[in-house]
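Note: the block below is final.txt and it holds compact mmCIF, C-alpha atoms.
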# COMPACT_ATOMS: atom_id res chain seq x y z
CA MET A 1455 25.48 1.32 -15.79
CA LEU A 1456 22.67 -0.83 -14.44
CA THR A 1457 20.99 -1.04 -17.84
CA GLU A 1458 24.15 -2.56 -19.26
CA TYR A 1459 24.02 -5.24 -16.58
CA PHE A 1460 20.37 -5.94 -17.40
CA ALA A 1461 21.04 -6.11 -21.14
CA ALA A 1462 23.99 -8.48 -20.69
CA TYR A 1463 22.02 -10.62 -18.28
CA ALA A 1464 19.01 -10.90 -20.60
CA GLU A 1465 21.26 -11.73 -23.55
CA ALA A 1466 23.01 -14.55 -21.67
CA TYR A 1467 19.93 -15.87 -19.85
CA GLN A 1468 19.10 -19.53 -20.32
CA PRO A 1469 15.57 -20.82 -19.63
CA TYR A 1470 15.41 -21.62 -15.93
CA LYS A 1471 14.11 -25.14 -16.35
CA GLY A 1472 15.57 -25.84 -19.76
CA GLY A 1473 12.64 -24.56 -21.79
CA PRO A 1474 9.29 -25.45 -20.18
CA TRP A 1475 6.89 -22.64 -19.34
CA CYS A 1476 7.64 -21.56 -15.74
CA TYR A 1477 7.33 -18.62 -13.39
CA GLU A 1478 11.07 -18.10 -13.10
CA ASP A 1479 11.30 -17.16 -16.78
CA GLY A 1480 8.26 -15.00 -16.15
CA CYS A 1481 10.31 -12.91 -13.71
CA LEU A 1482 12.61 -12.00 -16.60
CA TYR A 1483 9.64 -11.35 -18.87
CA ARG A 1484 8.07 -8.99 -16.35
CA GLY A 1485 11.35 -7.14 -15.90
CA LEU A 1486 11.71 -6.68 -19.65
CA GLU A 1487 8.09 -5.56 -19.97
CA LEU A 1488 8.46 -2.89 -17.32
CA LEU A 1489 11.83 -1.69 -18.62
CA HIS A 1490 10.19 -1.17 -22.00
CA ARG A 1491 7.31 0.69 -20.41
CA ALA A 1492 9.60 2.93 -18.36
CA THR A 1493 12.20 3.70 -21.03
CA GLY A 1494 10.32 3.36 -24.30
CA GLU A 1495 13.32 1.48 -25.68
CA ASP A 1496 12.32 -1.20 -28.18
CA ARG A 1497 15.24 -3.46 -27.26
CA TRP A 1498 13.45 -4.61 -24.13
CA LEU A 1499 10.23 -5.41 -25.99
CA THR A 1500 12.17 -7.22 -28.71
CA ALA A 1501 13.98 -9.33 -26.12
CA LEU A 1502 10.67 -10.16 -24.45
CA GLN A 1503 8.88 -11.07 -27.65
CA THR A 1504 11.74 -13.19 -28.96
CA ARG A 1505 11.83 -15.31 -25.83
CA VAL A 1506 8.07 -15.72 -25.45
CA ASP A 1507 7.61 -16.62 -29.11
CA ARG A 1508 9.93 -19.59 -28.66
CA GLN A 1509 7.61 -20.96 -26.01
CA ILE A 1510 4.17 -20.45 -27.55
CA GLY A 1511 4.50 -21.13 -31.29
CA ASP A 1512 1.15 -20.30 -32.89
CA GLY A 1513 -0.42 -19.73 -29.47
CA SER A 1514 -2.10 -23.11 -29.22
CA ARG A 1515 0.40 -24.51 -26.73
CA LEU A 1516 2.83 -23.54 -23.99
CA ALA A 1517 6.15 -25.37 -24.02
CA GLY A 1518 6.29 -28.18 -21.46
CA TYR A 1519 3.05 -27.05 -19.81
CA ALA A 1520 0.50 -29.48 -18.37
CA LEU A 1521 -2.80 -28.05 -17.16
CA SER A 1522 -3.35 -31.14 -15.00
CA ASP A 1523 -0.41 -30.14 -12.76
CA TYR A 1524 -2.63 -27.39 -11.35
CA ASN A 1525 0.44 -25.41 -10.36
CA ILE A 1526 -0.45 -21.77 -9.72
CA ASP A 1527 3.19 -20.80 -10.38
CA ASN A 1528 2.76 -21.70 -14.05
CA VAL A 1529 0.18 -18.96 -14.54
CA MET A 1530 2.56 -16.12 -13.69
CA SER A 1531 4.23 -15.84 -17.11
CA GLY A 1532 0.81 -15.02 -18.54
CA LYS A 1533 1.57 -11.41 -17.63
CA ALA A 1534 3.95 -11.37 -20.59
CA LEU A 1535 1.27 -12.72 -22.91
CA LEU A 1536 -1.12 -9.95 -21.93
CA ALA A 1537 1.60 -7.33 -22.32
CA LEU A 1538 2.54 -8.58 -25.79
CA ASP A 1539 -1.12 -8.74 -26.81
CA ALA A 1540 -1.51 -5.09 -25.84
CA ALA A 1541 1.74 -4.09 -27.57
CA THR A 1542 1.30 -6.01 -30.83
CA GLY A 1543 -2.33 -7.04 -31.25
CA ASP A 1544 -1.11 -10.44 -32.44
CA PRO A 1545 -3.91 -12.91 -31.56
CA ARG A 1546 -1.41 -15.64 -30.65
CA TYR A 1547 -0.75 -14.07 -27.28
CA LEU A 1548 -4.33 -13.91 -26.04
CA ARG A 1549 -4.90 -17.41 -27.43
CA ALA A 1550 -2.01 -18.68 -25.34
CA ALA A 1551 -3.21 -16.77 -22.27
CA ALA A 1552 -6.58 -18.50 -22.58
CA ILE A 1553 -4.83 -21.82 -21.85
CA LEU A 1554 -3.88 -20.49 -18.42
CA ILE A 1555 -7.37 -19.15 -17.78
CA GLU A 1556 -8.68 -22.62 -18.63
CA GLN A 1557 -6.48 -23.99 -15.84
CA LEU A 1558 -7.87 -21.46 -13.39
CA ALA A 1559 -11.45 -22.39 -14.32
CA THR A 1560 -10.98 -25.81 -12.74
CA HIS A 1561 -8.06 -25.13 -10.38
CA PRO A 1562 -8.74 -26.60 -6.91
CA ARG A 1563 -9.78 -24.10 -4.26
CA THR A 1564 -9.90 -23.99 -0.50
CA ARG A 1565 -13.30 -24.11 1.15
CA SER A 1566 -12.99 -20.34 1.47
CA GLY A 1567 -12.60 -19.98 -2.30
CA VAL A 1568 -8.86 -19.34 -2.81
CA TYR A 1569 -6.76 -21.32 -5.29
CA TRP A 1570 -4.63 -24.10 -3.83
CA HIS A 1571 -0.97 -23.33 -4.28
CA LYS A 1572 -0.44 -26.58 -6.19
CA LEU A 1573 -2.28 -29.84 -6.62
CA ARG A 1574 0.38 -31.47 -4.46
CA TYR A 1575 -0.11 -28.81 -1.76
CA PRO A 1576 -3.79 -29.37 -0.93
CA TRP A 1577 -5.78 -26.78 1.04
CA GLN A 1578 -2.76 -24.49 1.20
CA VAL A 1579 -2.56 -20.79 0.29
CA TRP A 1580 0.94 -19.34 -0.11
CA LEU A 1581 1.60 -15.61 -0.49
CA ASP A 1582 3.61 -16.10 -3.67
CA GLY A 1583 0.60 -17.80 -5.24
CA LEU A 1584 -1.30 -14.51 -5.03
CA TYR A 1585 1.35 -12.92 -7.26
CA MET A 1586 1.47 -15.87 -9.63
CA GLY A 1587 -2.21 -16.25 -10.42
CA VAL A 1588 -4.54 -13.41 -9.56
CA PRO A 1589 -2.97 -10.52 -11.55
CA VAL A 1590 -3.08 -12.67 -14.70
CA GLN A 1591 -6.70 -13.58 -14.08
CA ILE A 1592 -7.63 -9.95 -13.49
CA GLY A 1593 -5.58 -8.72 -16.45
CA TYR A 1594 -7.22 -11.27 -18.74
CA GLY A 1595 -10.65 -10.36 -17.42
CA LEU A 1596 -10.04 -6.68 -18.11
CA ARG A 1597 -8.63 -7.44 -21.57
CA THR A 1598 -11.63 -9.56 -22.57
CA GLY A 1599 -14.39 -7.76 -20.70
CA ASN A 1600 -14.99 -10.67 -18.31
CA THR A 1601 -15.89 -8.78 -15.15
CA ALA A 1602 -16.55 -12.02 -13.24
CA LEU A 1603 -12.85 -12.90 -13.45
CA VAL A 1604 -11.92 -9.50 -12.05
CA ALA A 1605 -14.40 -9.70 -9.19
CA ASP A 1606 -13.35 -13.24 -8.29
CA GLY A 1607 -9.67 -12.27 -8.28
CA LEU A 1608 -10.26 -9.36 -5.93
CA GLU A 1609 -12.38 -11.51 -3.63
CA GLN A 1610 -9.68 -14.20 -3.49
CA VAL A 1611 -7.06 -11.65 -2.47
CA ALA A 1612 -9.29 -10.24 0.26
CA THR A 1613 -9.96 -13.73 1.59
CA ALA A 1614 -6.30 -14.74 1.44
CA LEU A 1615 -5.26 -11.64 3.37
CA ASP A 1616 -7.70 -12.55 6.13
CA MET A 1617 -6.45 -16.15 6.14
CA THR A 1618 -2.75 -15.27 6.40
CA TYR A 1619 -2.82 -12.18 8.63
CA VAL A 1620 -0.80 -12.45 11.85
CA PRO A 1621 -2.21 -9.95 14.40
CA THR A 1622 0.82 -10.08 16.68
CA THR A 1623 3.14 -8.73 13.96
CA GLY A 1624 0.77 -6.97 11.56
CA LEU A 1625 2.36 -8.98 8.76
CA TYR A 1626 1.27 -12.04 6.78
CA ALA A 1627 2.34 -15.66 7.13
CA HIS A 1628 4.25 -17.26 4.26
CA ALA A 1629 1.44 -19.81 4.03
CA VAL A 1630 -1.68 -21.13 5.67
CA ASP A 1631 -3.01 -24.68 5.69
CA GLU A 1632 -6.77 -24.44 5.81
CA ALA A 1633 -7.04 -28.12 6.76
CA ARG A 1634 -4.55 -27.73 9.65
CA GLN A 1635 -2.93 -31.01 8.57
CA GLN A 1636 0.59 -30.04 7.51
CA PRO A 1637 3.33 -30.60 10.11
CA TRP A 1638 4.59 -27.03 9.59
CA ALA A 1639 1.17 -25.50 10.30
CA ASP A 1640 0.01 -24.18 13.65
CA ARG A 1641 -2.98 -26.25 14.72
CA THR A 1642 -4.99 -23.16 15.66
CA THR A 1643 -4.13 -20.66 12.91
CA GLY A 1644 -2.80 -22.92 10.15
CA HIS A 1645 0.14 -20.53 9.71
CA ASN A 1646 3.80 -21.35 9.44
CA LYS A 1647 6.01 -19.96 12.19
CA ALA A 1648 7.99 -17.08 10.64
CA HIS A 1649 7.87 -14.20 8.18
CA TRP A 1650 10.04 -14.92 5.13
CA SER A 1651 10.78 -11.64 3.39
CA ARG A 1652 10.44 -12.86 -0.18
CA ALA A 1653 6.98 -14.25 0.53
CA LEU A 1654 5.98 -10.77 1.71
CA GLY A 1655 7.69 -9.34 -1.36
CA TRP A 1656 5.54 -11.41 -3.70
CA LEU A 1657 2.46 -10.26 -1.78
CA ALA A 1658 3.42 -6.59 -1.84
CA MET A 1659 4.09 -6.71 -5.58
CA ALA A 1660 0.79 -8.50 -6.19
CA LEU A 1661 -1.15 -5.83 -4.32
CA VAL A 1662 0.34 -2.83 -6.11
CA ASP A 1663 0.09 -4.53 -9.50
CA ILE A 1664 -3.57 -5.35 -8.92
CA ALA A 1665 -4.20 -1.79 -7.72
CA GLU A 1666 -2.71 -0.45 -10.94
CA LEU A 1667 -4.77 -2.85 -13.05
CA VAL A 1668 -8.21 -2.23 -11.57
CA GLY A 1669 -7.95 1.42 -10.50
CA ALA A 1670 -8.56 3.15 -7.18
CA GLU A 1671 -12.33 2.65 -6.95
CA ALA A 1672 -12.29 -1.11 -7.48
CA PHE A 1673 -9.21 -1.51 -5.27
CA ALA A 1674 -10.65 0.54 -2.40
CA PRO A 1675 -11.61 -2.49 -0.23
CA LEU A 1676 -7.96 -3.61 -0.25
CA ALA A 1677 -6.35 -0.19 -0.04
CA GLY A 1678 -6.17 0.07 3.74
CA GLN A 1679 -4.48 -3.30 4.18
CA THR A 1680 -2.07 -2.46 1.37
CA ARG A 1681 -1.11 0.89 2.89
CA ASP A 1682 -0.57 -0.74 6.27
CA LEU A 1683 1.58 -3.53 4.81
CA LEU A 1684 3.76 -1.13 2.81
CA ALA A 1685 4.23 1.10 5.84
CA ARG A 1686 5.25 -1.88 7.98
CA ILE A 1687 7.65 -3.07 5.30
CA ALA A 1688 9.27 0.37 5.15
CA ALA A 1689 9.61 0.39 8.94
CA HIS A 1690 11.40 -2.99 8.95
CA ARG A 1691 14.21 -1.79 6.70
CA VAL A 1692 17.65 -2.07 8.31
CA ALA A 1693 18.90 1.45 9.04
CA GLY A 1694 20.92 2.63 6.06
CA GLY A 1695 20.53 -0.73 4.34
CA LEU A 1696 17.98 -3.21 3.05
CA TRP A 1697 15.72 -5.93 4.50
CA LEU A 1698 16.50 -9.12 6.38
CA GLN A 1699 15.78 -12.65 5.18
CA VAL A 1700 13.47 -13.03 8.20
CA ILE A 1701 12.09 -9.53 8.10
CA ASP A 1702 11.13 -8.96 11.75
CA ARG A 1703 13.97 -10.78 13.51
CA PRO A 1704 17.05 -8.53 13.74
CA ASP A 1705 17.89 -10.44 16.92
CA LEU A 1706 18.25 -13.75 15.04
CA ALA A 1707 21.84 -14.93 14.76
CA GLY A 1708 22.88 -15.29 11.13
CA ASN A 1709 19.99 -13.25 9.74
CA TYR A 1710 21.17 -11.34 6.68
CA GLN A 1711 20.12 -8.67 4.21
CA GLU A 1712 18.51 -10.60 1.35
CA SER A 1713 18.54 -8.97 -2.06
CA SER A 1714 15.56 -10.47 -3.93
CA ALA A 1715 13.05 -9.50 -1.26
CA SER A 1716 14.69 -6.09 -0.95
CA ALA A 1717 14.23 -5.51 -4.68
CA MET A 1718 10.59 -6.57 -4.41
CA PHE A 1719 10.01 -4.20 -1.52
CA VAL A 1720 11.59 -1.28 -3.35
CA TYR A 1721 9.40 -2.02 -6.38
CA ALA A 1722 6.27 -2.15 -4.22
CA LEU A 1723 7.17 1.06 -2.38
CA GLU A 1724 7.96 2.91 -5.62
CA LYS A 1725 4.77 1.70 -7.30
CA GLY A 1726 2.75 2.19 -4.15
CA ALA A 1727 3.88 5.81 -3.93
CA MET A 1728 2.76 6.44 -7.51
CA LEU A 1729 -0.66 4.95 -6.70
CA GLY A 1730 -1.14 6.85 -3.45
CA LEU A 1731 -0.76 3.68 -1.38
CA ALA A 1732 2.59 4.50 0.25
CA GLU A 1733 4.71 7.43 1.28
CA ALA A 1734 7.48 8.38 -1.13
CA PRO A 1735 10.39 5.96 -0.61
CA ALA A 1736 13.26 7.16 1.54
CA ARG A 1737 15.66 9.39 -0.36
CA GLY A 1738 18.27 7.32 -2.16
CA LEU A 1739 16.54 4.00 -1.44
CA PHE A 1740 16.87 2.63 -4.95
CA ASP A 1741 20.50 3.74 -5.15
CA THR A 1742 21.17 1.96 -1.85
CA LEU A 1743 19.56 -1.19 -3.25
CA ALA A 1744 21.55 -1.13 -6.48
CA SER A 1745 24.88 -0.32 -4.87
CA THR A 1746 24.41 -3.00 -2.21
CA VAL A 1747 23.25 -5.95 -4.32
CA VAL A 1748 25.11 -5.46 -7.62
CA ARG A 1749 28.85 -6.13 -7.45
CA PRO A 1750 31.76 -6.88 -9.80
CA LYS A 1751 31.74 -10.50 -10.94
CA PRO A 1752 34.88 -12.61 -10.83
CA GLY A 1753 36.20 -12.71 -14.39
CA GLY A 1754 34.50 -9.49 -15.43
CA GLY A 1755 31.06 -7.96 -15.61
CA GLN A 1756 28.57 -7.62 -12.77
CA GLU A 1757 26.30 -9.87 -10.75
CA MET A 1758 23.49 -9.59 -8.23
CA ALA A 1759 24.54 -11.15 -4.93
CA GLU A 1760 22.92 -12.54 -1.76
CA ILE A 1761 19.81 -14.05 -3.36
CA CYS A 1762 18.05 -16.79 -1.43
CA GLU A 1763 17.92 -19.53 -4.05
CA VAL A 1764 14.64 -21.08 -2.94
CA ALA A 1765 12.55 -21.63 0.17
CA GLY A 1766 9.36 -23.54 0.77
CA LEU A 1767 7.36 -25.61 3.20
CA GLY A 1768 6.98 -29.32 3.78
CA TYR A 1769 9.05 -32.20 2.49
CA PHE A 1770 11.30 -31.60 -0.51
CA GLU A 1771 14.25 -33.67 -1.71
CA ASN A 1772 14.40 -35.69 1.52
CA ARG A 1773 14.38 -32.72 3.87
CA PHE A 1774 11.62 -31.11 5.87
CA ARG A 1775 11.15 -27.36 5.58
CA ASP A 1776 9.38 -26.37 8.78
CA GLY A 1777 8.76 -22.67 8.03
CA SER A 1778 10.62 -21.49 11.12
CA ALA A 1779 12.91 -18.46 11.25
CA GLU A 1780 15.89 -20.75 11.66
CA TYR A 1781 14.90 -22.80 8.60
CA TYR A 1782 14.93 -19.78 6.27
CA LEU A 1783 18.57 -19.16 7.16
CA THR A 1784 19.59 -22.64 5.98
CA GLU A 1785 18.71 -22.15 2.32
CA ALA A 1786 21.55 -21.47 -0.11
CA ARG A 1787 22.49 -17.94 -1.17
CA VAL A 1788 23.36 -17.53 -4.84
CA ALA A 1789 24.18 -14.83 -7.37
CA ASP A 1790 22.23 -13.82 -10.47
CA ASP A 1791 19.15 -15.94 -9.85
CA ILE A 1792 16.28 -14.51 -11.90
CA LYS A 1793 14.04 -14.37 -8.81
CA GLY A 1794 16.31 -11.54 -7.74
CA VAL A 1795 17.37 -9.99 -11.03
CA GLY A 1796 13.81 -9.81 -12.38
CA PRO A 1797 12.54 -7.81 -9.38
CA LEU A 1798 15.63 -5.60 -9.60
CA MET A 1799 14.67 -4.78 -13.19
CA MET A 1800 11.13 -4.08 -12.01
CA SER A 1801 12.27 -1.85 -9.17
CA TYR A 1802 14.53 0.14 -11.50
CA ALA A 1803 11.67 0.61 -13.96
CA ALA A 1804 9.31 1.74 -11.19
CA HIS A 1805 11.97 4.11 -9.85
CA LEU A 1806 12.37 5.65 -13.31
CA GLU A 1807 8.62 6.08 -13.66
CA ARG A 1808 8.13 7.62 -10.24
CA THR A 1809 11.03 10.06 -10.47
CA ALA A 1810 10.02 11.10 -13.99
CA GLY A 1811 6.50 11.75 -12.71
CA ALA A 1812 7.86 13.78 -9.81
CA ARG A 1813 9.93 15.93 -12.18
CA ARG A 1814 6.90 16.55 -14.38
CA ALA A 1815 4.90 17.59 -11.33
CA GLU A 1816 7.60 20.06 -10.29
CA VAL A 1817 7.64 21.66 -13.74
CA ALA A 1818 3.85 21.91 -13.79
Will you turn the file into structure tokens for me?
Amino acid sequence: MLTEYFAAYAEAYQPYKGGPWCYEDGCLYRGLELLHRATGEDRWLTALQTRVDRQIGDGSRLAGYALSDYNIDNVMSGKALLALDAATGDPRYLRAAAILIEQLATHPRTRSGVYWHKLRYPWQVWLDGLYMGVPVQIGYGLRTGNTALVADGLEQVATALDMTYVPTTGLYAHAVDEARQQPWADRTTGHNKAHWSRALGWLAMALVDIAELVGAEAFAPLAGQTRDLLARIAAHRVAGGLWLQVIDRPDLAGNYQESSASAMFVYALEKGAMLGLAEAPARGLFDTLASTVVRPKPGGGQEMAEICEVAGLGYFENRFRDGSAEYYLTEARVADDIKGVGPLMMSYAAHLERTAGARRAEVA
């Protein structure tokens, strides 16, 4: 069973960066949170709380975290703090979340008002950054009654969508350089050259999560763009299969069905359907995802295969990542990376919630 795989994975999981607070661990935390919500089983909440508690102590610190890094990725795990605050009422969690909100209060922004992706990536907005930062800001604002945080988060997303939109494809660029200075950026648009599926996956998940947080009325200005994106994502699915690493290039030699983005898309489509932002996913879509990406592991057990380990833009470890379609095919493919397994947990939880809701509607 898939839940057995998730339980074994969570039990064996080692902190992604050896212990410091990071978004990769946050992918596991989010998966555990949503499994608990969907199943009501305390084992998922216990696993979440045990791991987070090791990193926050009394709530006055986050392990290995430095606000001065101004890395938007580091905010993402704050989702777990808000979830545990809601579940337990323990003040440590909101106290720890406030550390991340303090970062956002002085985090550098583009001239158009959107958070830089990182201090070392000036004037740049990346789609994954929208998932990492804004839902935590909005969730904290809702939890504490700070409506200004909510309004600012929604405005940032609207601005970022305008900045990254590619009219010729109807999709969104992995990143935009507002200063038009990066060698990967088009001098006219500031965009990188190709559509990396996982970048779009982060964006799609951010949009449906924000929609769920703020409700239909507040989300209305973003609803049309969200519906259009989810419909385009559904249309780009490989017939009978999943989604390609470079989502809109089936003609590209070596392009392959990438599992982490596919899990993100299934999550977004399942959640979007529940929120009235997408058509019901194709029949059997989640089953196709699970049966395609989870396979027997050499030596016993199961593993999630065909995960792009990492992709980015600019210089990194003595190589230049130019953001082209061909570049995205050069990155390593690995098994059981949490950037894939976490979204698979999320997609399973959303699938459970949607199908349970559909059954209740049929009975009613």
The centre and edge lengths of an axis-aligned box containing all atoms of stretch 1648-1652 of chain A present in the file, extended by 6 Å on each side, are to be given in Å to one decimal, as JSON.
{"center_x": 9.3, "center_y": -14.4, "center_z": 5.2, "size_x": 14.9, "size_y": 17.4, "size_z": 22.8}
Review point. Neighbours of A:Glu1757 within 6 Å (only C-alpha atoms; same-chain residues fewer than 4 positions away dropped), as a list in words?
Key: Val1748, Arg1749, Lys1751 and Asp1790 of chain A
Exercise for review: For each of A:Trp1656, A:Thr1642, A:Leu1603, A:Ala1633, take the minimum atom-to-atom distance to A:Met1530, counting only C-alpha atoms, then give the residue where this is smallest.
Suggested key: A:Trp1656
Enumerate, in order of chain and increasing residue number, the residues of stretch 1592-1689 of chain A with an atom no farther than 12 Å from stretch 1548-1563 of chain A, each with its shortest atom pair and distance in Å to one decimal, counting only C-alpha atoms, as JSON lines.
{"residue": "A:Ile1592", "atom": "CA", "partner": "A:Ile1555", "partner_atom": "CA", "distance": 10.2}
{"residue": "A:Gly1593", "atom": "CA", "partner": "A:Ala1551", "partner_atom": "CA", "distance": 10.2}
{"residue": "A:Tyr1594", "atom": "CA", "partner": "A:Ala1551", "partner_atom": "CA", "distance": 7.7}
{"residue": "A:Gly1595", "atom": "CA", "partner": "A:Ile1555", "partner_atom": "CA", "distance": 9.4}
{"residue": "A:Arg1597", "atom": "CA", "partner": "A:Leu1548", "partner_atom": "CA", "distance": 9.0}
{"residue": "A:Thr1598", "atom": "CA", "partner": "A:Leu1548", "partner_atom": "CA", "distance": 9.2}
{"residue": "A:Asn1600", "atom": "CA", "partner": "A:Ile1555", "partner_atom": "CA", "distance": 11.4}
{"residue": "A:Ala1602", "atom": "CA", "partner": "A:Ala1559", "partner_atom": "CA", "distance": 11.6}
{"residue": "A:Leu1603", "atom": "CA", "partner": "A:Ile1555", "partner_atom": "CA", "distance": 9.4}
{"residue": "A:Asp1606", "atom": "CA", "partner": "A:Leu1558", "partner_atom": "CA", "distance": 11.1}
{"residue": "A:Gly1607", "atom": "CA", "partner": "A:Leu1558", "partner_atom": "CA", "distance": 10.7}
{"residue": "A:Gln1610", "atom": "CA", "partner": "A:Arg1563", "partner_atom": "CA", "distance": 9.9}
{"residue": "A:Thr1613", "atom": "CA", "partner": "A:Arg1563", "partner_atom": "CA", "distance": 11.9}
{"residue": "A:Ala1614", "atom": "CA", "partner": "A:Arg1563", "partner_atom": "CA", "distance": 11.5}
{"residue": "A:Glu1632", "atom": "CA", "partner": "A:Arg1563", "partner_atom": "CA", "distance": 10.5}
What lies within 6 Å of A:Tyr1483 using only C-alpha atoms, ignoring chain neighbours under 2 positions off, as a CSV table (one decimal) with C-alpha atoms, keeping the file's coordinate frame?
chain,number,residue,atom,x,y,z
A,1480,GLY,CA,8.3,-15.0,-16.2
A,1481,CYS,CA,10.3,-12.9,-13.7
A,1485,GLY,CA,11.4,-7.1,-15.9
A,1486,LEU,CA,11.7,-6.7,-19.6
A,1502,LEU,CA,10.7,-10.2,-24.4
A,1534,ALA,CA,4.0,-11.4,-20.6
Check your understanding: What does the distance from atom CA of A:Ala1672 to atom CA of A:Asp1539 come to in Å, to one decimal?
Key ->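 One can read the atom CA of A:Ala1672 to atom CA of A:Asp1539 distance as 23.6 Å.
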Exercise for review: Tell me, in Å to one decimal, how far atom CA of A:Asp1776 is from atom CA of A:Ala1653.
Suggested key: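 Value for the atom CA of A:Asp1776-atom CA of A:Ala1653 distance: 14.9 Å.
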Exercise for review: With a distance cut-off of 9 Å and only C-alpha atoms, select the neighbouring residues of A:Ala1462, excluding the residue or stretch itself and same-chain residues fewer than 5 positions from it, and output the selection as a PyMOL selection string.
Suggested key: chain A and resi 1457+1467+1755
Go ahead and save the residues from that selection, with C-alpha atoms, as a PDB file, in the frame of the given file.
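Once everything was written out, this is out_17.pdb:
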ATOM      1  CA  THR A1457      20.990  -1.040 -17.840  1.00  0.00           C
ATOM      2  CA  TYR A1467      19.930 -15.870 -19.850  1.00  0.00           C
ATOM      3  CA  GLY A1755      31.060  -7.960 -15.610  1.00  0.00           C
TER       4      GLY A1755
END
Check your understanding: Could you tell me, as a list in words, which residues have any atom at most 7 Å from (20.3, -12.3, -0.9), counting all atoms listed in the file?
Key ->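 It turns out the residues near that spot are Gln1711, Glu1712, Ser1713, Ser1714, Ala1759, Glu1760, Ile1761, Cys1762 and Arg1787 of chain A.
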Practice item. Skip A:Lys1793 itself and residues of its chain fewer than 2 positions away, then list as a list in words all residues within 7 Å of it, counting all atoms listed in the file. Key: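 Everything that qualifies: Glu1478, Cys1481, Ser1714, Asp1791, Val1795, Gly1796 and Pro1797 of chain A.
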Those same residues - C-alpha atoms - I'd like them written as a PDB file, in the frame of the given file.
ATOM      1  CA  GLU A1478      11.070 -18.100 -13.100  1.00  0.00           C
ATOM      2  CA  CYS A1481      10.310 -12.910 -13.710  1.00  0.00           C
ATOM      3  CA  SER A1714      15.560 -10.470  -3.930  1.00  0.00           C
ATOM      4  CA  ASP A1791      19.150 -15.940  -9.850  1.00  0.00           C
ATOM      5  CA  VAL A1795      17.370  -9.990 -11.030  1.00  0.00           C
ATOM      6  CA  GLY A1796      13.810  -9.810 -12.380  1.00  0.00           C
ATOM      7  CA  PRO A1797      12.540  -7.810  -9.380  1.00  0.00           C
TER       8      PRO A1797
END
Point to revise | Closest of A:Leu1581, A:Thr1784, A:Ala1765, A:Arg1546 to A:Arg1515 - atom-to-atom distances counting all atoms listed in the file | key: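 Among A:Leu1581, A:Thr1784, A:Ala1765, A:Arg1546, it is A:Arg1546 that comes nearest to A:Arg1515.
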Practice item. Find, counting only C-alpha atoms, the residue in A:Thr1493, A:Gln1509, A:Ser1531, A:Thr1542 that gets nearest to A:Asp1479. Key: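 Among the listed residues, the smallest separation from A:Asp1479 belongs to A:Ser1531.
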Point to revise | Nearest residue to A:Arg1808 from the set A:Tyr1721, A:Tyr1782, A:Phe1774, A:Trp1580 (distances using only C-alpha atoms) | key: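 Closest to A:Arg1808 of all the choices is A:Tyr1721.
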**Study point:** Distance criterion (all atoms listed in the file): nearest to A:Leu1698 out of A:Gly1624, A:Gly1678, A:Gly1655, A:Gly1669
**Key:**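 Smallest distance to A:Leu1698 is found for A:Gly1655.
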Exercise for review: Take atom CA of A:Met1800 and atom CA of A:Leu1488 and report the distance between them in Å, one decimal.
Suggested key: 6.1 Å
Point to revise | Nearby residues (only C-alpha atoms) at most 12 Å from A:Ala1674, same-chain spacing under 2 positions excluded, as a list in words | key: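 After dropping sequence-adjacent residues, the list is Leu1608, Ala1612, Leu1661, Ile1664, Ala1665, Glu1666, Val1668, Gly1669, Ala1670, Glu1671, Ala1672, Leu1676, Ala1677, Gly1678, Gln1679, Thr1680, Arg1681, Leu1729, Gly1730 and Leu1731 of chain A.
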Review point. In terms of the shortest atom-to-atom distance over all atoms listed in the file, which of A:Gln1756, A:Gln1636, A:Thr1643, A:Thr1623 is closest to A:Arg1686?
Key: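 For A:Arg1686, the nearest of the candidates is A:Thr1623.
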Pull the neighbourhood of (9.0, 9.3, -8.7) for me: all residues within 9 Å in file coordinates, counting only C-alpha atoms, as a short mmCIF file (atom, residue, chain, number, x, y, z; two decimals) with C-alpha atoms, in the coordinates of the input.
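Everything below was put into point.cif:
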data_model
loop_
_atom_site.label_atom_id
_atom_site.label_comp_id
_atom_site.auth_asym_id
_atom_site.auth_seq_id
_atom_site.Cartn_x
_atom_site.Cartn_y
_atom_site.Cartn_z
CA GLU A 1724 7.96 2.91 -5.62
CA LYS A 1725 4.77 1.70 -7.30
CA ALA A 1727 3.88 5.81 -3.93
CA MET A 1728 2.76 6.44 -7.51
CA ALA A 1734 7.48 8.38 -1.13
CA PRO A 1735 10.39 5.96 -0.61
CA ALA A 1804 9.31 1.74 -11.19
CA HIS A 1805 11.97 4.11 -9.85
CA LEU A 1806 12.37 5.65 -13.31
CA GLU A 1807 8.62 6.08 -13.66
CA ARG A 1808 8.13 7.62 -10.24
CA THR A 1809 11.03 10.06 -10.47
CA ALA A 1810 10.02 11.10 -13.99
CA GLY A 1811 6.50 11.75 -12.71
CA ALA A 1812 7.86 13.78 -9.81
CA ARG A 1813 9.93 15.93 -12.18
#
